[in-house]
Amino acid sequence: MKKCSFTIAVSMAAAFLIVSPAHADGYRLPPAEIADIVMRPPAPSVSVSPDGKNLLLLERESLPPVSELAKTMERLAGQRLDAATNDNFNPRNFVGLSLKDIDTGAVRKVVLPDNADIADQSWSPDGRYVVFTNTTTDGMSLWTLDTRSAKARQILKDGINPIFQEPRWLPDGRLLVLTIPKDRGDKPMASLTPAGPAIQDASGGQDAQTRTYQDLLKTPHDEALYTWLVESQPVIMRPDGSRKKTLGTPRIYIDASASPNGDYILMEWINEPFSYQVPWSRFPKTTAVWTMDGEAAAVIAEQPLADSLPVQGVVTGPRNIAWHPTAPATLLWAEAQDGGDPRMKTDHRDALMTLSSPFTDEANRLHTFEDRFSGFIGLDGDDDIIAYDYDRDTREIRTALIDVMGSHAPRVIEVRNVQDAYADPGDPVRTLTESGFSVARVHDGQLFLSGNGASPDGARPFLRRFDLATFETTELWRNTGEEYEYIVDLAADDGSAFVTYYESPALPGNYRLHNSDSTRFLTDFPDPHPELTDISRELITYKRKDGVELSSTLYLPPGYEKGDTLPVVVWAYPREFNDAATAGQVRDSKHRFTRIGGYSHLFFLTQGYAVMDRAAMPVVGSDPETVNDTFIEQIVDSAQAAVDESVRRGFGDGVQVGVGGHSYGAFMTAHLLAQSDIFRAGIARSGAYNRTLTPFGFQAERRIFWDAPETYFKLSPFMSANLINEPMLMIHGAKDNNSGTFPQQSERMFAAVKGTGGTSRLVMLPHEAHGYRGRESVLHTLAEMVDWFETHVKNAESDVASGEE
């Protein structure tokens with residue numbers, strides 16, 4: 001039998017503690033020591049100015065009340081929109097601004113309106129200005145901050161439409177702003193008498209394998225309301241709001257960007273017909289180039305409705321169309337050579353195309369990729385680019401240096417497994433060109449790279465210099481490994497000065513400047529929870545029974561003494577790997593500051609638990625098509641290895657152990673409770689449990705349900721609900737917007753566990769999405785989690801002591 005009498009006794013006893021009817025007791029609070037920490041304002045967010053002279057400090061509040069989430073939300077075309085402000089639906093972002101001089105340390109507070117709600121902020125390329133929006137209850141205004149005076153001024157009282165694009169800086173220092181069309185009329189109102197049924201057709205003969213998207217259009221009224229909300233009018237203006245000039249006609253613009261020389265605007269907009277099956281990103285699109293005078297120069301692409309793409313497929317024709325960042329007016333884009341179908345066998349999957357002004361010639365094929373093009377980055381002061389293509393089967397990423405404007409053949413810089421963290425050479429450090437384009441920093445032919453520096457001994461971030469002529473690498477700086485510190489930005493063109501983010505187990509994260517042989521802190525943010533400073537953090541490694549190396553970050557509560565046995569929480573999220581070597585790599589550092597906030601499971605440390613965080617749950621298989629066939633066996637073995645290690649190290653007893661996870665981690669939790677006796681109880685947040693409801697793939701699963709029905713059935717914890725007789729707490733946002741994890745997943749899973757005699761509790765959080773943001777929701781979630789494990793994990797030992805085995 002799978003279950004022992006001890007587990008059954010625990011479950012039966014727990015059943016008497018939980019009342020079956022739905023509860024209506026209102027929001028609850030966790031223990032006071034947890035609530036106090038949750039309610040403290042977090043440290044400001046920090047942005048370094050492009051000229052390296054200032055830090056922009058963006059002040060935040062702790063958590064918004066649920067009442068902010070309860071405002072009317074329009075759920076349309078895969079988006080969540082606020083009709084009152086004509087913006088994406090979000091609670092308040094930033095509430096204050098300050099400027100800190102990097103040289104002197106002087107801080108200047110920016111005067112803002114009362115109850116400011118700051119968003120959409122961006123630096124001008126020269127660092128002189130910051131543009132941002134301020135949201136009120138019924139609208140949004142546009143502001144600019146002059147860093148010389150530290151004074152902000154309102155340049156548009158209302159009429160901003162930042163749903164698809166925040167205000168952008170043009171190469172000549174002006175702003176391009178998407179605004180609400182002046183003559184759009186009143187908001188469409190739904191008729192109580194429908195004009196007719198909502199109808200969808202499938203003509204047959206073509207696959208249409210779409211994921212289970214949420215918040216889609218459903219009716220003609222939805223279409224009208226969506227158009228009313230997202231249609232915009234491009235307007236150009238100076239930083240003070242003067243010299244306003246409209247550009248083109250109102251459309252559903254999703255992107256508008258100027259060429260580096262400022263002569264052209266690349267526009268992308270959505271066309272009808274819309275779809276009730278896919279989100280806006282797959283609607284028909286037009287991409288065209290206009291002059292700055294508003295004259296059409298060329299149509300680059302006309303993409304039809306993309307509602308029949310294969311899983312992980314791409315559209316045919318031009319896609320990812322963008323300006324070359326250091327050429328005057330040259331476009332780059334990718335075109336599929338395999339019909340956009342990753343299942344097709346081919347030697348060349350994508351081509352990189354280029355076309356320069358006046359855009360009247362045929363596009364030039366610049367390079368052909370073996371695998372799927374996955375983006376490029378320009379180089380500061382050079383017309384070369386670094387381009388990437390990715391093989392989804394081998395998980396290999398290829399990096400190539402491509403001469404766009406000249407005649408040199410492309411050169412491959414490296415080919416590596418993207419999951420091989422130990423071999424990661426780092427990513428280019430970025431900067432802004434004078435035209436405002438993000439490019440890789442280059443100085444005297446040397447490209448700067450920064451990375452996390454994963455190693456068997458833990459992460460040690462680095463700064464490197466890469467010679468673009470010889471491909472030789474020189475390491476300029478590496479974290480000592482006595483603390484955790486990583487590169488934020490360079491403060492000198494040659495890399496001799498740079499800004500880092502520094503933290504240690506005793507010191508919270510702060511920014512500091514390295515200059516030659518000296519360092520000094522630029523910020524002094526205090527410890528957000530000094531009462532938790534003595535938390536112990538350690539990277540531990542151990543092996544699964546098949547020899548796969550595993551790791552976890554072990555946290556022990558303040559005051560822990562070696563040899564004490566504690567209840568243990570194992571928190572995890574499964575990931576797929578091609579081989580055991582990369583699956584077992586250590587990617588974290590034991591020298592990081594333990595920052596706890598939100599609805600983090602690390603709050604269990606305040607209640608006397610040990611927490612094995614990010615406990616590795618690798619699913620290893622050389623064939624990505626079938627790797628999930630052994631998903632359950634591998635996560636069970638990984639979980640058992642983690643618990644065995646807790647016993648071997650002496651902080652756990654192997655009995656008082658709970659498991660939990662969010663999203664795919666919730667899916668994992670349900671499987672572990674159904675298929676093993678390792679844990680006494682589980683917490684599953686925002687999960688998916690019935691894979692027949694996501695029939696066109698999930699996570700890394702490529703096969704559709706009708707190709708592998710046995711796998712879909714086996715990988716649905718719902719089908720094994722009768723085996724879950726350890727208590728399982730399920731928490732879910734009532735407005736979850738994540739693909740596949742719609743609220744019904746938890747509702748039906750709860751019904752299945754309850755209906756087959758199991759012990760469970762379902763908490764549906766009003767107005768919450770996939771993650772939880774409301775103050776009351778976060779506090780209630782923590783209260784539920786703490787109470788659940790107090791009842792079903794901490795008290796498990798007493799049942800053993802009474803002889804019930």
# chains A, B, ... in the order shown; residues from 1 in each chain; ligands from 1
>>> select_by_dssp(residues="region 24-124 of chain A", states="strand (DSSP E or B)", output="NGL selection string")
:A and (45-48 or 54-60 or 74-76 or 79-82 or 87-88 or 94-101 or 107-109 or 118-123)
>>> residues_around(residues="Leu507 (chain A)", least_positions_apart="2", cutoff="12 Å", atoms="only C-alpha atoms", output="list in words")
Glu483, Tyr484, Glu485, Tyr501, Tyr502, Glu503, Ser504, Pro505, Gly509, Asn510, Tyr511, Asp524, Phe525, Pro526, Asp527, Pro528, His529, Pro530, Leu532, Thr533, Asp534, His591, Arg592, Phe593, Thr594 and Arg595 of chain A
>>> write_last_selection(atoms="N, CA and C atoms", output="short mmCIF file (atom, residue, chain, number, x, y, z; two decimals), in the first residue's frame")
data_model
loop_
_atom_site.label_atom_id
_atom_site.label_comp_id
_atom_site.auth_asym_id
_atom_site.auth_seq_id
_atom_site.Cartn_x
_atom_site.Cartn_y
_atom_site.Cartn_z
N GLU A 483 31.23 37.87 -0.06
CA GLU A 483 29.95 38.53 -0.05
C GLU A 483 29.37 38.35 -1.45
N TYR A 484 28.25 38.98 -1.75
CA TYR A 484 27.68 38.86 -3.08
C TYR A 484 27.58 40.25 -3.68
N GLU A 485 28.17 40.43 -4.87
CA GLU A 485 28.22 41.74 -5.50
C GLU A 485 28.22 41.55 -7.01
N TYR A 501 26.02 46.32 -7.17
CA TYR A 501 25.04 46.11 -6.10
C TYR A 501 25.67 45.13 -5.14
N TYR A 502 25.78 45.54 -3.87
CA TYR A 502 26.54 44.78 -2.88
C TYR A 502 25.64 44.33 -1.74
N GLU A 503 25.79 43.09 -1.34
CA GLU A 503 25.07 42.59 -0.18
C GLU A 503 25.87 41.48 0.48
N SER A 504 25.55 41.21 1.73
CA SER A 504 26.16 40.12 2.47
C SER A 504 25.11 39.59 3.44
N PRO A 505 25.35 38.46 4.10
CA PRO A 505 24.34 37.96 5.03
C PRO A 505 23.92 38.98 6.09
N GLY A 509 21.14 44.97 0.56
CA GLY A 509 21.67 45.41 -0.72
C GLY A 509 21.80 46.92 -0.81
N ASN A 510 22.98 47.37 -1.26
CA ASN A 510 23.24 48.79 -1.52
C ASN A 510 24.16 48.91 -2.73
N TYR A 511 24.17 50.09 -3.30
CA TYR A 511 24.98 50.35 -4.48
C TYR A 511 26.31 50.96 -4.06
N ASP A 524 22.67 53.98 1.24
CA ASP A 524 22.76 53.45 2.60
C ASP A 524 21.38 53.01 3.06
N PHE A 525 20.80 52.08 2.33
CA PHE A 525 19.48 51.59 2.68
C PHE A 525 19.59 50.70 3.92
N PRO A 526 18.71 50.90 4.89
CA PRO A 526 18.83 50.14 6.14
C PRO A 526 18.32 48.72 6.01
N ASP A 527 18.67 47.92 6.99
CA ASP A 527 18.17 46.55 7.09
C ASP A 527 16.65 46.60 7.23
N PRO A 528 15.90 45.96 6.33
CA PRO A 528 14.44 46.04 6.40
C PRO A 528 13.85 45.24 7.55
N HIS A 529 14.62 44.31 8.10
CA HIS A 529 14.11 43.50 9.21
C HIS A 529 15.29 43.04 10.08
N PRO A 530 15.82 43.98 10.89
CA PRO A 530 17.01 43.63 11.70
C PRO A 530 16.80 42.47 12.64
N LEU A 532 15.79 39.72 11.92
CA LEU A 532 16.07 38.48 11.21
C LEU A 532 17.53 38.39 10.74
N THR A 533 18.35 39.31 11.19
CA THR A 533 19.74 39.36 10.71
C THR A 533 20.49 38.06 10.97
N ASP A 534 20.14 37.38 12.06
CA ASP A 534 20.89 36.17 12.42
C ASP A 534 20.42 34.93 11.69
N HIS A 591 26.27 33.91 0.26
CA HIS A 591 26.67 35.20 0.83
C HIS A 591 25.65 36.31 0.57
N ARG A 592 24.48 35.97 0.09
CA ARG A 592 23.47 36.98 -0.19
C ARG A 592 22.71 37.36 1.09
N PHE A 593 22.16 38.56 1.08
CA PHE A 593 21.33 39.01 2.18
C PHE A 593 19.96 38.34 2.06
N THR A 594 19.44 37.87 3.17
CA THR A 594 18.13 37.22 3.15
C THR A 594 17.05 38.28 3.31
N ARG A 595 16.50 38.69 2.19
CA ARG A 595 15.42 39.69 2.20
C ARG A 595 14.08 38.96 2.11
#
>>> residues_around(residues="Glu61 (chain A)", least_positions_apart="2", cutoff="8 Å", atoms="only C-alpha atoms", output="list in words")
Pro41, Pro42, Glu59, Leu63, Pro64, Phe94 and Val95 of chain A
>>> closest_atom_pairs(of="region 574-641 of chain A", to="region 707-710 of chain A", cutoff="12 Å", atoms="only C-alpha atoms", output="CSV")
residue,atom,partner,partner_atom,distance
A:Glu625,CA,A:Ala708,CA,10.2
A:Thr626,CA,A:Ala708,CA,9.5
A:Asn628,CA,A:Ala708,CA,10.6
A:Asp629,CA,A:Glu710,CA,9.2
>>> residues_around(residues="Val647 (chain A)", least_positions_apart="4", cutoff="12 Å", atoms="only C-alpha atoms", output="list in words")
Gly563, Asp564, Thr565, Leu566, Pro567, Val568, Ala610, Gln640, Ala641, Ala642, Val643, Phe651, Gly652, Asp653, Gly654, Val655, Gln656 and Val657 of chain A
>>> write_last_selection(atoms="N, CA and C atoms", output="PDB file, in the first residue's frame")
ATOM      1  N   GLY A 563      22.568  20.841  15.832  1.00  0.00           N
ATOM      2  CA  GLY A 563      22.066  19.648  16.491  1.00  0.00           C
ATOM      3  C   GLY A 563      20.592  19.713  16.804  1.00  0.00           C
ATOM      4  N   ASP A 564      20.036  20.941  16.821  1.00  0.00           N
ATOM      5  CA  ASP A 564      18.596  21.066  17.037  1.00  0.00           C
ATOM      6  C   ASP A 564      17.839  20.503  15.837  1.00  0.00           C
ATOM      7  N   THR A 565      16.762  19.808  16.116  1.00  0.00           N
ATOM      8  CA  THR A 565      15.903  19.284  15.055  1.00  0.00           C
ATOM      9  C   THR A 565      14.701  20.198  14.888  1.00  0.00           C
ATOM     10  N   LEU A 566      14.462  20.626  13.654  1.00  0.00           N
ATOM     11  CA  LEU A 566      13.407  21.582  13.349  1.00  0.00           C
ATOM     12  C   LEU A 566      12.411  20.990  12.362  1.00  0.00           C
ATOM     13  N   PRO A 567      11.186  21.490  12.355  1.00  0.00           N
ATOM     14  CA  PRO A 567      10.311  21.183  11.214  1.00  0.00           C
ATOM     15  C   PRO A 567      10.899  21.823   9.968  1.00  0.00           C
ATOM     16  N   VAL A 568      10.721  21.186   8.835  1.00  0.00           N
ATOM     17  CA  VAL A 568      11.383  21.604   7.595  1.00  0.00           C
ATOM     18  C   VAL A 568      10.356  21.901   6.511  1.00  0.00           C
ATOM     19  N   ALA A 610      13.117  25.271   9.517  1.00  0.00           N
ATOM     20  CA  ALA A 610      14.205  25.327   8.540  1.00  0.00           C
ATOM     21  C   ALA A 610      13.563  25.336   7.157  1.00  0.00           C
ATOM     22  N   GLN A 640      12.915  13.118  -2.135  1.00  0.00           N
ATOM     23  CA  GLN A 640      13.423  12.193  -1.122  1.00  0.00           C
ATOM     24  C   GLN A 640      14.871  12.518  -0.778  1.00  0.00           C
ATOM     25  N   ALA A 641      15.668  12.868  -1.777  1.00  0.00           N
ATOM     26  CA  ALA A 641      17.073  13.220  -1.537  1.00  0.00           C
ATOM     27  C   ALA A 641      17.181  14.458  -0.654  1.00  0.00           C
ATOM     28  N   ALA A 642      16.300  15.444  -0.878  1.00  0.00           N
ATOM     29  CA  ALA A 642      16.335  16.661  -0.059  1.00  0.00           C
ATOM     30  C   ALA A 642      16.015  16.339   1.397  1.00  0.00           C
ATOM     31  N   VAL A 643      14.974  15.546   1.614  1.00  0.00           N
ATOM     32  CA  VAL A 643      14.594  15.202   2.986  1.00  0.00           C
ATOM     33  C   VAL A 643      15.670  14.348   3.648  1.00  0.00           C
ATOM     34  N   PHE A 651      19.357  18.797  10.975  1.00  0.00           N
ATOM     35  CA  PHE A 651      18.379  19.840  11.280  1.00  0.00           C
ATOM     36  C   PHE A 651      16.944  19.366  11.054  1.00  0.00           C
ATOM     37  N   GLY A 652      16.766  18.208  10.408  1.00  0.00           N
ATOM     38  CA  GLY A 652      15.438  17.651  10.187  1.00  0.00           C
ATOM     39  C   GLY A 652      15.359  16.237  10.689  1.00  0.00           C
ATOM     40  N   ASP A 653      14.108  15.796  10.954  1.00  0.00           N
ATOM     41  CA  ASP A 653      13.936  14.427  11.431  1.00  0.00           C
ATOM     42  C   ASP A 653      13.274  13.524  10.401  1.00  0.00           C
ATOM     43  N   GLY A 654      12.973  14.060   9.221  1.00  0.00           N
ATOM     44  CA  GLY A 654      12.351  13.261   8.182  1.00  0.00           C
ATOM     45  C   GLY A 654      10.864  13.053   8.379  1.00  0.00           C
ATOM     46  N   VAL A 655      10.294  13.574   9.463  1.00  0.00           N
ATOM     47  CA  VAL A 655       8.868  13.415   9.754  1.00  0.00           C
ATOM     48  C   VAL A 655       8.149  14.741   9.642  1.00  0.00           C
ATOM     49  N   GLN A 656       8.640  15.744  10.349  1.00  0.00           N
ATOM     50  CA  GLN A 656       8.022  17.064  10.321  1.00  0.00           C
ATOM     51  C   GLN A 656       8.498  17.822   9.078  1.00  0.00           C
ATOM     52  N   VAL A 657       7.999  17.425   7.937  1.00  0.00           N
ATOM     53  CA  VAL A 657       8.439  18.016   6.678  1.00  0.00           C
ATOM     54  C   VAL A 657       7.223  18.376   5.824  1.00  0.00           C
TER      55      VAL A 657
END
>>> select_by_dssp(residues="region 6-253 of chain A", states="helix (DSSP H, G or I)", output="count of residues only")
32
>>> residues_around(residues="Ala684 (chain A)", least_positions_apart="4", cutoff="8 Å", atoms="only C-alpha atoms", output="list in words")
Gly660, Gly661, His662, Ser663, Gly665, Ala666, Phe667, Thr669, Ala670, Met728, Leu729, Met730 and Ile731 of chain A
>>> write_last_selection(atoms="N, CA and C atoms", output="compact mmCIF listing (two decimals), in the first residue's frame")
# COMPACT_ATOMS: atom_id res chain seq x y z
N GLY A 660 6.05 22.77 -0.67
CA GLY A 660 5.22 23.81 -1.26
C GLY A 660 5.83 24.36 -2.53
N GLY A 661 4.98 25.05 -3.27
CA GLY A 661 5.44 25.69 -4.50
C GLY A 661 4.35 26.54 -5.10
N HIS A 662 4.76 27.40 -6.01
CA HIS A 662 3.84 28.33 -6.70
C HIS A 662 3.83 27.98 -8.18
N SER A 663 2.65 28.00 -8.80
CA SER A 663 2.49 27.75 -10.23
C SER A 663 2.94 26.33 -10.57
N GLY A 665 5.36 24.90 -9.39
CA GLY A 665 5.70 24.31 -8.10
C GLY A 665 4.49 23.76 -7.38
N ALA A 666 3.32 24.35 -7.61
CA ALA A 666 2.08 23.81 -7.05
C ALA A 666 1.72 22.49 -7.72
N PHE A 667 1.88 22.44 -9.03
CA PHE A 667 1.70 21.22 -9.80
C PHE A 667 2.59 20.11 -9.24
N THR A 669 3.85 19.99 -6.18
CA THR A 669 3.42 19.67 -4.83
C THR A 669 2.30 18.63 -4.84
N ALA A 670 1.31 18.84 -5.70
CA ALA A 670 0.20 17.90 -5.78
C ALA A 670 0.69 16.51 -6.17
N MET A 728 -3.58 19.13 1.93
CA MET A 728 -3.08 20.05 0.91
C MET A 728 -3.87 21.35 0.95
N LEU A 729 -3.15 22.45 1.17
CA LEU A 729 -3.72 23.79 1.12
C LEU A 729 -3.53 24.34 -0.29
N MET A 730 -4.63 24.78 -0.91
CA MET A 730 -4.56 25.39 -2.23
C MET A 730 -4.98 26.85 -2.13
N ILE A 731 -4.17 27.73 -2.68
CA ILE A 731 -4.45 29.16 -2.72
C ILE A 731 -4.40 29.59 -4.17
>>> residues_around(residues="Val404 (chain A)", least_positions_apart="5", cutoff="10 Å", atoms="only C-alpha atoms", output="ChimeraX atom specification")
/A:324,327,330,332,353-354,366-367,382-385,409-410
>>> write_last_selection(atoms="N, CA, C and O atoms", output="tab-separated table (two decimals), in the first residue's frame")
chain	number	residue	atom	x	y	z
A	324	HIS	N	18.56	49.08	-37.01
A	324	HIS	CA	19.96	48.87	-36.65
A	324	HIS	C	20.35	50.08	-35.78
A	324	HIS	O	20.23	51.22	-36.21
A	327	ALA	N	23.38	52.43	-37.30
A	327	ALA	CA	23.35	52.88	-38.70
A	327	ALA	C	22.33	54.01	-38.81
A	327	ALA	O	21.40	54.11	-38.01
A	330	THR	N	18.59	51.91	-41.10
A	330	THR	CA	18.63	50.56	-41.65
A	330	THR	C	17.81	49.63	-40.77
A	330	THR	O	17.92	49.66	-39.54
A	332	LEU	N	16.51	45.75	-39.66
A	332	LEU	CA	16.89	44.34	-39.57
A	332	LEU	C	15.66	43.55	-39.17
A	332	LEU	O	14.83	44.02	-38.38
A	353	MET	N	17.50	39.52	-42.42
A	353	MET	CA	17.35	40.40	-43.57
A	353	MET	C	17.65	41.84	-43.18
A	353	MET	O	17.50	42.23	-42.01
A	354	THR	N	18.04	42.64	-44.18
A	354	THR	CA	18.33	44.04	-43.92
A	354	THR	C	17.86	44.89	-45.10
A	354	THR	O	17.88	44.45	-46.25
A	366	LEU	N	21.28	38.88	-45.08
A	366	LEU	CA	22.55	39.14	-44.43
A	366	LEU	C	23.20	37.88	-43.89
A	366	LEU	O	24.42	37.70	-43.96
A	367	HIS	N	22.37	36.99	-43.33
A	367	HIS	CA	22.92	35.79	-42.69
A	367	HIS	C	21.81	34.75	-42.58
A	367	HIS	O	20.63	35.10	-42.48
A	382	ASP	N	30.06	51.01	-33.60
A	382	ASP	CA	30.39	50.01	-34.61
A	382	ASP	C	29.10	49.59	-35.30
A	382	ASP	O	28.04	49.55	-34.68
A	383	ASP	N	29.21	49.27	-36.61
A	383	ASP	CA	27.99	48.81	-37.29
A	383	ASP	C	27.82	47.30	-37.24
A	383	ASP	O	26.84	46.76	-37.76
A	384	ASP	N	28.74	46.58	-36.61
A	384	ASP	CA	28.57	45.14	-36.40
A	384	ASP	C	27.48	44.91	-35.35
A	384	ASP	O	27.18	45.78	-34.52
A	385	ILE	N	26.92	43.72	-35.37
A	385	ILE	CA	25.97	43.31	-34.34
A	385	ILE	C	26.36	41.94	-33.83
A	385	ILE	O	27.09	41.18	-34.49
A	409	ALA	N	32.65	38.08	-43.49
A	409	ALA	CA	31.75	36.96	-43.21
A	409	ALA	C	31.47	36.89	-41.72
A	409	ALA	O	32.32	37.24	-40.90
A	410	PRO	N	30.27	36.45	-41.35
A	410	PRO	CA	29.95	36.29	-39.93
A	410	PRO	C	30.93	35.34	-39.25
A	410	PRO	O	31.41	34.37	-39.86
>>> residues_around(residues="Ala580 (chain A)", least_positions_apart="4", cutoff="12 Å", atoms="only C-alpha atoms", output="PyMOL selection string")
chain A and resi 419-420+543-544+546-550+575-576+584-585+616-622+634
>>> closest_residue(among="A:Asp263, A:Glu726, A:Asp87, A:Asp201", to="Glu231 (chain A)", atoms="only C-alpha atoms")
A:Asp87
>>> atom_distance(atom1="CA of His732 (chain A)", atom2="CA of His767 (chain A)")
10.4 Å
>>> atom_distance(atom1="CA of Asp677 (chain A)", atom2="CA of Thr759 (chain A)")
14.9 Å
>>> closest_residue(among="A:Ile34, A:Ser67, A:Trp323, A:Ala572", to="Pro766 (chain A)", atoms="only C-alpha atoms")
A:Ser67
>>> decode(residues="region 371-387 of chain A", atoms="N, CA and C atoms", output="mmCIF file, in the first residue's frame")
data_model
loop_
_atom_site.group_PDB
_atom_site.id
_atom_site.type_symbol
_atom_site.label_atom_id
_atom_site.label_comp_id
_atom_site.auth_asym_id
_atom_site.auth_seq_id
_atom_site.Cartn_x
_atom_site.Cartn_y
_atom_site.Cartn_z
ATOM 1 N N ASP A 371 19.504 27.616 -36.547
ATOM 2 C CA ASP A 371 18.401 27.446 -35.613
ATOM 3 C C ASP A 371 17.578 28.734 -35.540
ATOM 4 N N ARG A 372 16.655 28.794 -34.589
ATOM 5 C CA ARG A 372 15.722 29.910 -34.530
ATOM 6 C C ARG A 372 16.411 31.172 -34.029
ATOM 7 N N PHE A 373 16.328 32.242 -34.825
ATOM 8 C CA PHE A 373 16.855 33.547 -34.437
ATOM 9 C C PHE A 373 16.197 33.984 -33.134
ATOM 10 N N SER A 374 17.024 34.458 -32.175
ATOM 11 C CA SER A 374 16.469 34.837 -30.880
ATOM 12 C C SER A 374 16.902 36.227 -30.442
ATOM 13 N N GLY A 375 17.312 37.059 -31.408
ATOM 14 C CA GLY A 375 17.582 38.451 -31.073
ATOM 15 C C GLY A 375 18.998 38.879 -31.424
ATOM 16 N N PHE A 376 19.214 40.209 -31.336
ATOM 17 C CA PHE A 376 20.547 40.753 -31.588
ATOM 18 C C PHE A 376 20.775 41.962 -30.702
ATOM 19 N N ILE A 377 22.037 42.364 -30.585
ATOM 20 C CA ILE A 377 22.399 43.578 -29.873
ATOM 21 C C ILE A 377 23.445 44.319 -30.688
ATOM 22 N N GLY A 378 23.267 45.625 -30.822
ATOM 23 C CA GLY A 378 24.235 46.439 -31.537
ATOM 24 C C GLY A 378 25.438 46.757 -30.670
ATOM 25 N N LEU A 379 26.498 47.228 -31.303
ATOM 26 C CA LEU A 379 27.747 47.554 -30.619
ATOM 27 C C LEU A 379 27.976 49.058 -30.670
ATOM 28 N N ASP A 380 28.305 49.637 -29.548
ATOM 29 C CA ASP A 380 28.537 51.075 -29.466
ATOM 30 C C ASP A 380 29.698 51.485 -30.373
ATOM 31 N N GLY A 381 29.447 52.432 -31.290
ATOM 32 C CA GLY A 381 30.497 52.936 -32.167
ATOM 33 C C GLY A 381 30.886 51.993 -33.279
ATOM 34 N N ASP A 382 30.056 51.010 -33.596
ATOM 35 C CA ASP A 382 30.389 50.007 -34.611
ATOM 36 C C ASP A 382 29.101 49.589 -35.299
ATOM 37 N N ASP A 383 29.205 49.267 -36.605
ATOM 38 C CA ASP A 383 27.991 48.813 -37.294
ATOM 39 C C ASP A 383 27.817 47.298 -37.237
ATOM 40 N N ASP A 384 28.744 46.576 -36.614
ATOM 41 C CA ASP A 384 28.565 45.140 -36.395
ATOM 42 C C ASP A 384 27.483 44.913 -35.348
ATOM 43 N N ILE A 385 26.915 43.717 -35.373
ATOM 44 C CA ILE A 385 25.969 43.313 -34.343
ATOM 45 C C ILE A 385 26.363 41.936 -33.826
ATOM 46 N N ILE A 386 25.897 41.611 -32.638
ATOM 47 C CA ILE A 386 25.988 40.250 -32.103
ATOM 48 C C ILE A 386 24.595 39.655 -32.193
ATOM 49 N N ALA A 387 24.466 38.529 -32.886
ATOM 50 C CA ALA A 387 23.160 37.893 -33.086
ATOM 51 C C ALA A 387 23.170 36.495 -32.473
#
